[in-house]
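J.: Contents of target38.cif (mmCIF, C-alpha atoms (C1' of nucleotides)) are given next:
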data_structure
loop_
_atom_site.group_PDB
_atom_site.id
_atom_site.type_symbol
_atom_site.label_atom_id
_atom_site.label_comp_id
_atom_site.auth_asym_id
_atom_site.auth_seq_id
_atom_site.Cartn_x
_atom_site.Cartn_y
_atom_site.Cartn_z
ATOM 1 C CA MET A 17 -93.599 41.081 11.269
ATOM 2 C CA SER A 18 -94.396 40.703 7.644
ATOM 3 C CA THR A 19 -96.044 42.659 4.899
ATOM 4 C CA ARG A 20 -97.729 45.864 5.844
ATOM 5 C CA PRO A 21 -101.537 45.954 5.679
ATOM 6 C CA TYR A 22 -103.021 47.718 2.670
ATOM 7 C CA ALA A 23 -104.814 50.384 4.674
ATOM 8 C CA GLN A 24 -101.630 51.403 6.398
ATOM 9 C CA ALA A 25 -99.845 51.514 3.062
ATOM 10 C CA LEU A 26 -102.427 53.930 1.697
ATOM 11 C CA LYS A 27 -101.999 56.167 4.681
ATOM 12 C CA MET A 28 -98.242 56.228 4.194
ATOM 13 C CA ILE A 29 -98.670 57.181 0.575
ATOM 14 C CA GLN A 30 -100.887 60.115 1.440
ATOM 15 C CA ASP A 31 -98.845 61.226 4.416
ATOM 16 C CA ALA A 32 -95.873 61.448 2.110
ATOM 17 C CA GLY A 33 -97.779 63.866 -0.072
ATOM 18 C CA LEU A 34 -98.182 61.423 -2.930
ATOM 19 C CA ARG A 35 -101.470 61.659 -4.758
ATOM 20 C CA PRO A 36 -103.610 58.554 -4.684
ATOM 21 C CA THR A 37 -103.767 58.072 -8.406
ATOM 22 C CA ARG A 38 -105.311 55.117 -10.172
ATOM 23 C CA GLN A 39 -101.843 53.683 -10.844
ATOM 24 C CA ARG A 40 -100.532 54.059 -7.331
ATOM 25 C CA LEU A 41 -103.688 52.638 -5.824
ATOM 26 C CA LEU A 42 -103.569 49.625 -8.086
ATOM 27 C CA LEU A 43 -99.909 48.969 -7.465
ATOM 28 C CA SER A 44 -100.190 49.288 -3.708
ATOM 29 C CA LYS A 45 -103.171 46.985 -3.820
ATOM 30 C CA LEU A 46 -101.252 44.351 -5.753
ATOM 31 C CA LEU A 47 -98.257 44.735 -3.489
ATOM 32 C CA PHE A 48 -99.945 44.770 -0.103
ATOM 33 C CA GLU A 49 -103.275 43.056 -0.391
ATOM 34 C CA ARG A 50 -101.880 39.616 -0.981
ATOM 35 C CA GLY A 51 -100.720 39.734 2.614
ATOM 36 C CA GLU A 52 -97.489 37.892 2.226
ATOM 37 C CA ASP A 53 -93.891 38.886 1.785
ATOM 38 C CA TRP A 54 -93.072 39.374 -1.820
ATOM 39 C CA HIS A 55 -89.820 39.929 -3.635
ATOM 40 C CA VAL A 56 -90.844 41.508 -6.833
ATOM 41 C CA THR A 57 -89.124 43.026 -9.827
ATOM 42 C CA ALA A 58 -90.600 45.903 -11.781
ATOM 43 C CA GLU A 59 -91.105 43.549 -14.701
ATOM 44 C CA ALA A 60 -92.971 40.998 -12.586
ATOM 45 C CA LEU A 61 -95.222 43.581 -11.003
ATOM 46 C CA HIS A 62 -95.983 44.974 -14.417
ATOM 47 C CA GLU A 63 -97.018 41.537 -15.636
ATOM 48 C CA ASP A 64 -99.231 41.191 -12.606
ATOM 49 C CA VAL A 65 -100.949 44.415 -13.545
ATOM 50 C CA LEU A 66 -101.651 43.148 -17.046
ATOM 51 C CA LYS A 67 -102.831 39.808 -15.724
ATOM 52 C CA ASN A 68 -105.434 41.767 -13.783
ATOM 53 C CA GLY A 69 -106.681 43.307 -16.963
ATOM 54 C CA ALA A 70 -105.354 46.734 -16.015
ATOM 55 C CA LYS A 71 -102.711 48.899 -17.630
ATOM 56 C CA VAL A 72 -99.857 50.857 -16.110
ATOM 57 C CA SER A 73 -96.776 51.683 -18.090
ATOM 58 C CA LEU A 74 -93.555 49.961 -17.123
ATOM 59 C CA ALA A 75 -91.875 53.316 -16.568
ATOM 60 C CA THR A 76 -94.562 54.226 -14.059
ATOM 61 C CA VAL A 77 -94.097 50.903 -12.303
ATOM 62 C CA TYR A 78 -90.404 51.670 -11.916
ATOM 63 C CA ASN A 79 -91.053 55.198 -10.730
ATOM 64 C CA THR A 80 -93.725 54.080 -8.316
ATOM 65 C CA LEU A 81 -91.579 51.329 -6.828
ATOM 66 C CA HIS A 82 -88.893 53.894 -6.144
ATOM 67 C CA GLN A 83 -91.331 56.352 -4.648
ATOM 68 C CA PHE A 84 -92.727 53.629 -2.403
ATOM 69 C CA THR A 85 -89.191 52.775 -1.387
ATOM 70 C CA ASP A 86 -88.421 56.401 -0.526
ATOM 71 C CA VAL A 87 -91.550 56.517 1.591
ATOM 72 C CA GLY A 88 -90.539 53.381 3.466
ATOM 73 C CA LEU A 89 -93.106 50.996 2.053
ATOM 74 C CA LEU A 90 -90.580 48.854 0.250
ATOM 75 C CA ARG A 91 -86.989 47.858 0.544
ATOM 76 C CA GLN A 92 -84.723 47.573 -2.428
ATOM 77 C CA ILE A 93 -82.324 44.678 -2.969
ATOM 78 C CA VAL A 94 -79.849 44.299 -5.800
ATOM 79 C CA ILE A 95 -78.399 40.893 -6.532
ATOM 80 C CA GLY A 96 -77.304 38.201 -8.851
ATOM 81 C CA SER A 97 -77.513 39.255 -12.420
ATOM 82 C CA GLY A 98 -77.820 42.834 -11.311
ATOM 83 C CA LYS A 99 -81.566 42.788 -11.127
ATOM 84 C CA THR A 100 -83.397 44.960 -8.675
ATOM 85 C CA TYR A 101 -85.927 43.391 -6.346
ATOM 86 C CA PHE A 102 -88.344 45.233 -4.125
ATOM 87 C CA ASP A 103 -89.256 43.585 -0.848
ATOM 88 C CA THR A 104 -92.662 44.223 0.677
ATOM 89 C CA ASN A 105 -91.190 43.379 4.054
ATOM 90 C CA THR A 106 -89.207 46.362 5.314
ATOM 91 C CA ASP A 107 -88.237 44.863 8.657
ATOM 92 C CA ASP A 108 -84.670 43.894 9.388
ATOM 93 C CA HIS A 109 -84.298 40.464 7.922
ATOM 94 C CA HIS A 110 -82.131 38.517 5.551
ATOM 95 C CA HIS A 111 -82.432 36.418 2.440
ATOM 96 C CA PHE A 112 -81.784 33.187 0.710
ATOM 97 C CA TYR A 113 -81.043 33.634 -2.954
ATOM 98 C CA ASP A 114 -81.596 30.859 -5.423
ATOM 99 C CA ALA A 115 -79.445 31.753 -8.404
ATOM 100 C CA ASP A 116 -80.999 29.107 -10.664
ATOM 101 C CA GLU A 117 -84.502 30.348 -10.115
ATOM 102 C CA GLU A 118 -83.447 33.964 -9.630
ATOM 103 C CA GLN A 119 -85.654 33.934 -6.553
ATOM 104 C CA LEU A 120 -85.320 35.586 -3.187
ATOM 105 C CA GLN A 121 -86.717 34.078 -0.041
ATOM 106 C CA ASP A 122 -86.893 35.474 3.456
ATOM 107 C CA ILE A 123 -84.838 33.765 6.092
ATOM 108 C CA PRO A 124 -87.161 32.834 8.936
ATOM 109 C CA GLN A 125 -86.905 35.592 11.481
ATOM 110 C CA ASP A 126 -86.041 33.315 14.378
ATOM 111 C CA SER A 127 -82.895 32.031 12.730
ATOM 112 C CA ILE A 128 -80.271 33.946 14.593
ATOM 113 C CA ILE A 129 -77.444 34.843 12.339
ATOM 114 C CA LEU A 130 -75.516 37.901 13.341
ATOM 115 C CA SER A 131 -73.552 37.758 16.536
ATOM 116 C CA GLY A 132 -71.532 40.911 16.326
ATOM 117 C CA LEU A 133 -70.637 43.698 14.012
ATOM 118 C CA PRO A 134 -67.242 45.115 13.212
ATOM 119 C CA GLU A 135 -66.460 48.781 13.681
ATOM 120 C CA ALA A 136 -67.185 51.045 10.779
ATOM 121 C CA PRO A 137 -64.160 52.718 9.230
ATOM 122 C CA ASP A 138 -63.378 56.302 10.217
ATOM 123 C CA GLY A 139 -65.868 58.910 9.179
ATOM 124 C CA SER A 140 -68.691 56.485 8.634
ATOM 125 C CA LYS A 141 -71.233 54.508 10.504
ATOM 126 C CA ILE A 142 -73.059 51.289 9.883
ATOM 127 C CA GLY A 143 -76.305 51.547 8.008
ATOM 128 C CA ARG A 144 -78.161 48.557 6.756
ATOM 129 C CA VAL A 145 -76.733 45.064 6.952
ATOM 130 C CA ASP A 146 -77.600 42.634 4.200
ATOM 131 C CA VAL A 147 -76.977 38.952 4.558
ATOM 132 C CA ILE A 148 -77.535 36.936 1.433
ATOM 133 C CA ILE A 149 -77.170 33.196 1.559
ATOM 134 C CA GLN A 150 -76.746 31.709 -1.883
ATOM 135 C CA LEU A 151 -78.533 28.416 -2.367
ATOM 136 C CA GLU A 152 -77.288 25.528 -4.458
ATOM 137 C CA LYS A 153 -78.982 22.366 -5.569
ATOM 138 C CA ASP A 154 -78.493 19.437 -3.198
ATOM 139 C CA MET B 29 -55.140 35.499 3.855
ATOM 140 C CA SER B 30 -55.196 38.048 1.143
ATOM 141 C CA THR B 31 -54.478 38.350 -2.522
ATOM 142 C CA ARG B 32 -52.931 35.403 -4.223
ATOM 143 C CA PRO B 33 -49.289 35.722 -5.351
ATOM 144 C CA TYR B 34 -48.748 36.372 -9.035
ATOM 145 C CA ALA B 35 -46.783 33.168 -9.673
ATOM 146 C CA GLN B 36 -49.572 31.059 -8.258
ATOM 147 C CA ALA B 37 -52.103 32.912 -10.361
ATOM 148 C CA LEU B 38 -50.146 32.113 -13.520
ATOM 149 C CA LYS B 39 -50.074 28.461 -12.604
ATOM 150 C CA MET B 40 -53.841 28.426 -12.068
ATOM 151 C CA ILE B 41 -54.378 29.993 -15.453
ATOM 152 C CA GLN B 42 -52.309 27.357 -17.186
ATOM 153 C CA ASP B 43 -53.679 24.463 -15.170
ATOM 154 C CA ALA B 44 -57.122 25.507 -16.275
ATOM 155 C CA GLY B 45 -56.028 25.148 -19.887
ATOM 156 C CA LEU B 46 -56.109 28.855 -20.584
ATOM 157 C CA ARG B 47 -53.387 30.050 -22.923
ATOM 158 C CA PRO B 48 -51.016 32.602 -21.449
ATOM 159 C CA THR B 49 -51.696 35.313 -23.955
ATOM 160 C CA ARG B 50 -50.356 38.832 -23.776
ATOM 161 C CA GLN B 51 -53.708 40.092 -22.524
ATOM 162 C CA ARG B 52 -54.169 37.482 -19.835
ATOM 163 C CA LEU B 53 -50.614 37.892 -18.601
ATOM 164 C CA LEU B 54 -50.984 41.639 -18.385
ATOM 165 C CA LEU B 55 -54.293 41.486 -16.596
ATOM 166 C CA SER B 56 -53.155 38.893 -14.079
ATOM 167 C CA LYS B 57 -50.082 40.997 -13.460
ATOM 168 C CA LEU B 58 -52.128 44.099 -12.781
ATOM 169 C CA LEU B 59 -54.528 42.140 -10.606
ATOM 170 C CA PHE B 60 -52.092 40.128 -8.529
ATOM 171 C CA GLU B 61 -48.768 41.904 -8.488
ATOM 172 C CA ARG B 62 -49.918 44.828 -6.446
ATOM 173 C CA GLY B 63 -50.174 42.399 -3.556
ATOM 174 C CA GLU B 64 -53.235 43.801 -1.902
ATOM 175 C CA ASP B 65 -56.909 43.023 -1.972
ATOM 176 C CA TRP B 66 -58.603 44.848 -4.751
ATOM 177 C CA HIS B 67 -62.245 45.315 -5.630
ATOM 178 C CA VAL B 68 -62.163 46.177 -9.230
ATOM 179 C CA THR B 69 -64.690 46.757 -11.979
ATOM 180 C CA ALA B 70 -64.012 45.861 -15.594
ATOM 181 C CA GLU B 71 -63.993 49.546 -16.402
ATOM 182 C CA ALA B 72 -61.432 50.359 -13.700
ATOM 183 C CA LEU B 73 -59.133 47.526 -14.710
ATOM 184 C CA HIS B 74 -59.362 48.644 -18.295
ATOM 185 C CA GLU B 75 -58.319 52.143 -17.303
ATOM 186 C CA ASP B 76 -55.408 50.693 -15.398
ATOM 187 C CA VAL B 77 -54.300 48.912 -18.545
ATOM 188 C CA LEU B 78 -54.340 52.148 -20.513
ATOM 189 C CA LYS B 79 -52.568 53.994 -17.728
ATOM 190 C CA ASN B 80 -49.773 51.474 -18.161
ATOM 191 C CA GLY B 81 -49.500 52.369 -21.791
ATOM 192 C CA ALA B 82 -50.873 49.009 -22.881
ATOM 193 C CA LYS B 83 -54.030 48.146 -24.789
ATOM 194 C CA VAL B 84 -56.611 45.460 -24.176
ATOM 195 C CA SER B 85 -60.149 45.824 -25.390
ATOM 196 C CA LEU B 86 -62.852 46.309 -22.798
ATOM 197 C CA ALA B 87 -64.665 43.236 -24.085
ATOM 198 C CA THR B 88 -61.575 41.162 -23.452
ATOM 199 C CA VAL B 89 -61.273 42.582 -19.958
ATOM 200 C CA TYR B 90 -64.815 41.469 -19.236
ATOM 201 C CA ASN B 91 -64.258 38.051 -20.720
ATOM 202 C CA THR B 92 -60.977 37.587 -18.902
ATOM 203 C CA LEU B 93 -62.420 38.614 -15.558
ATOM 204 C CA HIS B 94 -65.092 35.983 -15.978
ATOM 205 C CA GLN B 95 -62.615 33.330 -16.999
ATOM 206 C CA PHE B 96 -60.478 34.143 -13.989
ATOM 207 C CA THR B 97 -63.546 33.903 -11.830
ATOM 208 C CA ASP B 98 -64.431 30.481 -13.255
ATOM 209 C CA VAL B 99 -60.920 29.323 -12.538
ATOM 210 C CA GLY B 100 -61.146 30.487 -8.951
ATOM 211 C CA LEU B 101 -58.786 33.425 -9.132
ATOM 212 C CA LEU B 102 -61.433 36.003 -8.503
ATOM 213 C CA ARG B 103 -64.732 36.322 -6.779
ATOM 214 C CA GLN B 104 -67.608 38.227 -8.246
ATOM 215 C CA ILE B 105 -69.771 40.618 -6.267
ATOM 216 C CA VAL B 106 -72.809 42.492 -7.516
ATOM 217 C CA ILE B 107 -74.048 45.472 -5.563
ATOM 218 C CA GLY B 108 -75.431 48.925 -5.343
ATOM 219 C CA SER B 109 -76.291 50.281 -8.698
ATOM 220 C CA GLY B 110 -75.980 46.802 -10.150
ATOM 221 C CA LYS B 111 -72.306 47.129 -10.907
ATOM 222 C CA THR B 112 -70.131 44.068 -10.914
ATOM 223 C CA TYR B 113 -66.985 44.032 -8.833
ATOM 224 C CA PHE B 114 -64.290 41.396 -8.926
ATOM 225 C CA ASP B 115 -62.481 40.687 -5.697
ATOM 226 C CA THR B 116 -58.880 39.495 -5.809
ATOM 227 C CA ASN B 117 -59.403 37.904 -2.425
ATOM 228 C CA THR B 118 -61.316 34.665 -2.850
ATOM 229 C CA ASP B 119 -61.285 33.648 0.807
ATOM 230 C CA ASP B 120 -64.455 33.675 2.826
ATOM 231 C CA HIS B 121 -64.842 37.209 3.979
ATOM 232 C CA HIS B 122 -67.336 40.031 3.967
ATOM 233 C CA HIS B 123 -67.619 43.631 2.911
ATOM 234 C CA PHE B 124 -68.376 47.160 3.804
ATOM 235 C CA TYR B 125 -70.018 49.053 0.999
ATOM 236 C CA ASP B 126 -69.826 52.777 0.758
ATOM 237 C CA ALA B 127 -72.705 53.781 -1.466
ATOM 238 C CA ASP B 128 -71.519 57.375 -1.862
ATOM 239 C CA GLU B 129 -68.106 56.368 -3.095
ATOM 240 C CA GLU B 130 -69.328 53.177 -4.732
ATOM 241 C CA GLN B 131 -66.450 51.460 -2.991
ATOM 242 C CA LEU B 132 -66.113 48.042 -1.446
ATOM 243 C CA GLN B 133 -63.866 47.352 1.500
ATOM 244 C CA ASP B 134 -62.963 44.088 3.153
ATOM 245 C CA ILE B 135 -64.155 43.574 6.669
ATOM 246 C CA PRO B 136 -61.149 42.693 8.784
ATOM 247 C CA GLN B 137 -61.064 38.930 9.053
ATOM 248 C CA ASP B 138 -60.938 38.862 12.838
ATOM 249 C CA SER B 139 -64.241 40.654 13.169
ATOM 250 C CA ILE B 140 -66.488 37.766 13.995
ATOM 251 C CA ILE B 141 -69.851 38.246 12.446
ATOM 252 C CA LEU B 142 -71.692 35.073 11.740
ATOM 253 C CA SER B 143 -72.717 32.989 14.667
ATOM 254 C CA GLY B 144 -75.069 30.514 13.100
ATOM 255 C CA LEU B 145 -76.751 29.708 9.866
ATOM 256 C CA PRO B 146 -80.360 28.813 9.224
ATOM 257 C CA GLU B 147 -81.312 25.589 7.501
ATOM 258 C CA ALA B 148 -81.507 25.718 3.753
ATOM 259 C CA PRO B 149 -84.966 25.113 2.290
ATOM 260 C CA ASP B 150 -85.784 21.642 0.978
ATOM 261 C CA GLY B 151 -83.851 20.489 -2.010
ATOM 262 C CA SER B 152 -81.065 22.967 -1.620
ATOM 263 C CA LYS B 153 -77.965 23.557 0.373
ATOM 264 C CA ILE B 154 -76.103 26.619 1.484
ATOM 265 C CA GLY B 155 -73.448 27.887 -0.862
ATOM 266 C CA ARG B 156 -71.729 31.158 -0.406
ATOM 267 C CA VAL B 157 -72.757 33.622 2.271
ATOM 268 C CA ASP B 158 -72.408 37.298 1.540
ATOM 269 C CA VAL B 159 -72.591 39.880 4.249
ATOM 270 C CA ILE B 160 -72.646 43.438 3.053
ATOM 271 C CA ILE B 161 -72.621 46.241 5.561
ATOM 272 C CA GLN B 162 -73.730 49.499 4.053
ATOM 273 C CA LEU B 163 -71.825 52.503 5.304
ATOM 274 C CA GLU B 164 -73.255 55.945 5.873
ATOM 275 C CA LYS B 165 -71.596 59.238 6.599
ATOM 276 C CA ASP B 166 -71.206 59.995 10.304
ATOM 277 C "C1'" DA C 7 -105.980 76.615 -12.396
ATOM 278 C "C1'" DT C 8 -101.949 74.417 -11.473
ATOM 279 C "C1'" DA C 9 -98.766 71.474 -9.648
ATOM 280 C "C1'" DG C 10 -98.163 66.825 -9.908
ATOM 281 C "C1'" DC C 11 -98.488 62.338 -12.720
ATOM 282 C "C1'" DT C 12 -98.392 59.305 -16.527
ATOM 283 C "C1'" DG C 13 -97.105 57.196 -20.869
ATOM 284 C "C1'" DC C 14 -94.426 56.762 -24.649
ATOM 285 C "C1'" DA C 15 -90.301 56.460 -26.896
ATOM 286 C "C1'" DA C 16 -85.739 57.588 -26.842
ATOM 287 C "C1'" DA C 17 -81.595 57.498 -24.207
ATOM 288 C "C1'" DT C 18 -78.480 55.527 -20.940
ATOM 289 C "C1'" DG C 19 -75.094 52.434 -18.726
ATOM 290 C "C1'" DC C 20 -73.198 48.206 -18.173
ATOM 291 C "C1'" DT C 21 -72.316 43.924 -20.102
ATOM 292 C "C1'" DT C 22 -72.437 40.278 -23.671
ATOM 293 C "C1'" DT C 23 -72.056 38.487 -28.313
ATOM 294 C "C1'" DG C 24 -71.075 37.553 -33.418
ATOM 295 C "C1'" DC C 25 -67.761 37.295 -36.343
ATOM 296 C "C1'" DA C 26 -63.465 38.167 -38.947
ATOM 297 C "C1'" DA C 27 -58.633 38.568 -38.158
ATOM 298 C "C1'" DG C 28 -54.710 37.266 -35.364
ATOM 299 C "C1'" DG C 29 -51.824 34.318 -32.179
ATOM 300 C "C1'" DC C 30 -50.410 30.051 -29.705
ATOM 301 C "C1'" DC C 31 -49.174 25.048 -29.714
ATOM 302 C "C1'" DG D 19 -52.864 23.841 -39.497
ATOM 303 C "C1'" DG D 20 -56.185 24.060 -36.320
ATOM 304 C "C1'" DC D 21 -58.164 25.708 -32.427
ATOM 305 C "C1'" DC D 22 -58.227 29.258 -29.063
ATOM 306 C "C1'" DT D 23 -58.349 34.431 -28.480
ATOM 307 C "C1'" DT D 24 -58.982 38.976 -29.468
ATOM 308 C "C1'" DG D 25 -61.104 43.277 -30.981
ATOM 309 C "C1'" DC D 26 -64.485 45.787 -32.787
ATOM 310 C "C1'" DA D 27 -68.937 47.137 -33.341
ATOM 311 C "C1'" DA D 28 -73.433 45.839 -32.734
ATOM 312 C "C1'" DA D 29 -76.813 43.946 -29.806
ATOM 313 C "C1'" DG D 30 -78.886 43.220 -25.264
ATOM 314 C "C1'" DC D 31 -81.073 44.042 -21.003
ATOM 315 C "C1'" DA D 32 -82.677 46.605 -17.129
ATOM 316 C "C1'" DT D 33 -83.527 50.965 -15.921
ATOM 317 C "C1'" DT D 34 -84.037 56.092 -16.383
ATOM 318 C "C1'" DT D 35 -85.388 60.348 -18.544
ATOM 319 C "C1'" DG D 36 -87.596 64.177 -21.484
ATOM 320 C "C1'" DC D 37 -91.538 65.889 -22.629
ATOM 321 C "C1'" DA D 38 -96.376 66.483 -24.163
ATOM 322 C "C1'" DG D 39 -100.746 65.480 -22.512
ATOM 323 C "C1'" DC D 40 -103.707 64.164 -18.547
ATOM 324 C "C1'" DT D 41 -105.563 64.355 -13.564
ATOM 325 C "C1'" DA D 42 -106.210 65.185 -8.737
ATOM 326 C "C1'" DT D 43 -107.048 68.879 -5.633
#
Please, can you express the file's structure as C-alpha cells?
T.:
Amino acid sequence: MSTRPYAQALKMIQDAGLRPTRQRLLLSKLLFERGEDWHVTAEALHEDVLKNGAKVSLATVYNTLHQFTDVGLLRQIVIGSGKTYFDTNTDDHHHFYDADEEQLQDIPQDSIILSGLPEAPDGSKIGRVDVIIQLEKD
Amino acid sequence: MSTRPYAQALKMIQDAGLRPTRQRLLLSKLLFERGEDWHVTAEALHEDVLKNGAKVSLATVYNTLHQFTDVGLLRQIVIGSGKTYFDTNTDDHHHFYDADEEQLQDIPQDSIILSGLPEAPDGSKIGRVDVIIQLEKD
DNA sequence: ATAGCTGCAAATGCTTTGCAAGGCC
DNA sequence: GGCCTTGCAAAGCATTTGCAGCTAT
C-alpha cells in the first residue's frame, strides 16, 4: 500500500476527536492529496503551506504532525543529523537514506529483506523494526 | 568481535596523526579499557570523566568522539529523541533500542537477520545498513 | 459558553564553533 | 617556534512550551 487517501485521513482525524480546523484540514490536504509517499520534515511542510499562499505557524505544524502521528496517520523517523521526518506511509516498510541529500526513500515493498528476528531481551517484546540503508555516491 | 583493545586504539589514534594528549588518552582509556561494547553519549562519557576525578570539557568530549569516529574507532548512531550515541563496537551489527530507558543494546551477532538487500537507486551504492529493533514492555 | 486550538515568542536540549590560552613535537 | 588542542562561553539548530486570544461545537 501507499499513502492513505485524503477522505480516509479526514475520517481518522474526526474519529480521534480532533476538531477539523482550518490548519488541520490544510495540512492533511497537503500531506495526503498528493497521493504519493512523502517523507517530510516540519520545516518542509511549513514551506509548502507558505508556497500555497496560506499561513500556519511552525509550532502548529509540529504539533499537528505529532497529533497525526498519535492518531496513526503518520509515522515518525529520526535519522542522520537528528532531524525528524514524518512518513505518510504507515505500512511496515523500510528506507534508503541519502546522507548527502538528507533524503529518505522507500525501499520497494517487494524487496525482501528480513529473514528472521532475534529474541527480545527479558521483560520486553519487539515493537517496530526499522531498517535504514545508507546510500553513498557510486 | 567486540570492543577493540586499548593498545590497538592508541595505535590508531597515532597512525591517524592525532596527538596523544592527556584528554585523548583518558577518553580512549575510558572507552576501550572496560573491554565491553558500550553505547555512550557525549554527556555520559563526560560524567564518567568527572566520576574518575578528572576534567575534560564537554566540548572536547564531543570533538574527540567525532575524531575517533573519523579514525574508525567508533561508530555513530542517531536515534530516538535525536540523541547521538557512539558505539565502541565498529563491526557490522545491529541494535535493540529501548525507548523507555533510552538505551541501546547490541543484537547478538549470531542472530541472523538480513537475508537479502534491495538494489540501490541509480547513481548510488549501498553503504552501511542499520537495523534498529524497538523494544516495548511485555 | 466552553473546551479545544492556534500563534507568537521565549525556552529548551543537544551539539557546534570562535577564539584566546596552553601543550606537544 | 609553530602548529595542533583545549576550554570556555556564545551561538546554532530543531523542537517544545506557556500563555493570551481565537474558534469550533
J.: For atom CA of B:Arg50 and atom CA of B:Thr97, determine how far apart the two atoms are, in Å to one decimal place.
T.: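 Pair atom CA of B:Arg50 / atom CA of B:Thr97 returns 18.5 Å.
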J.: Could you write out as a PyMOL selection string the residues that the PyMOL selection byres ((chain A) within 9 of (chain C)) matches in the shown file?
T.: chain A and resi 34-35+37+39+72-76
J.: Distance limit 8 Å, atoms considered: all atoms listed in the file. Which chain D residues sit that close to chain B? Return them as a list in words.
T.: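 Contact residues on the first chain: DC22, DT24 and DG25 of chain D.
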J.: Please expand the PyMOL selection byres ((chain B) within 6 of (chain A)) into the concrete residues it hits in this file, giving the result as a PyMOL selection string.
T.: chain B and resi 106-107+110+139+141-146+151-166
J.: Apply the PyMOL selection byres ((chain A and resi 40) around 12) to the structure shown and report the selected residues as a PyMOL selection string.
T.: (chain A and resi 25-26+28-30+34-39+41-48+65+71-73+76-84) or (chain C and resi 11-12)
J.: Please indicate the distance in Å from atom CA of A:Glu52 to atom CA of A:Asp103, rounded to one decimal place.
T.: 10.5 Å
J.: Could you tell me how far atom C1' of D:DT34 sits from atom CA of A:Leu66, in Å to one decimal place?
T.: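 That distance, rounded to one decimal, is 21.9 Å.
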J.: Would you list the contacts of A:Ser18 as a VMD selection string, taking every protein, DNA or RNA residue within 10 Å and counting only C-alpha atoms (C1' of nucleotides), but skipping same-chain residues closer than 5 positions in sequence?
T.: chain A and resid 51 to 54 104 to 107 125
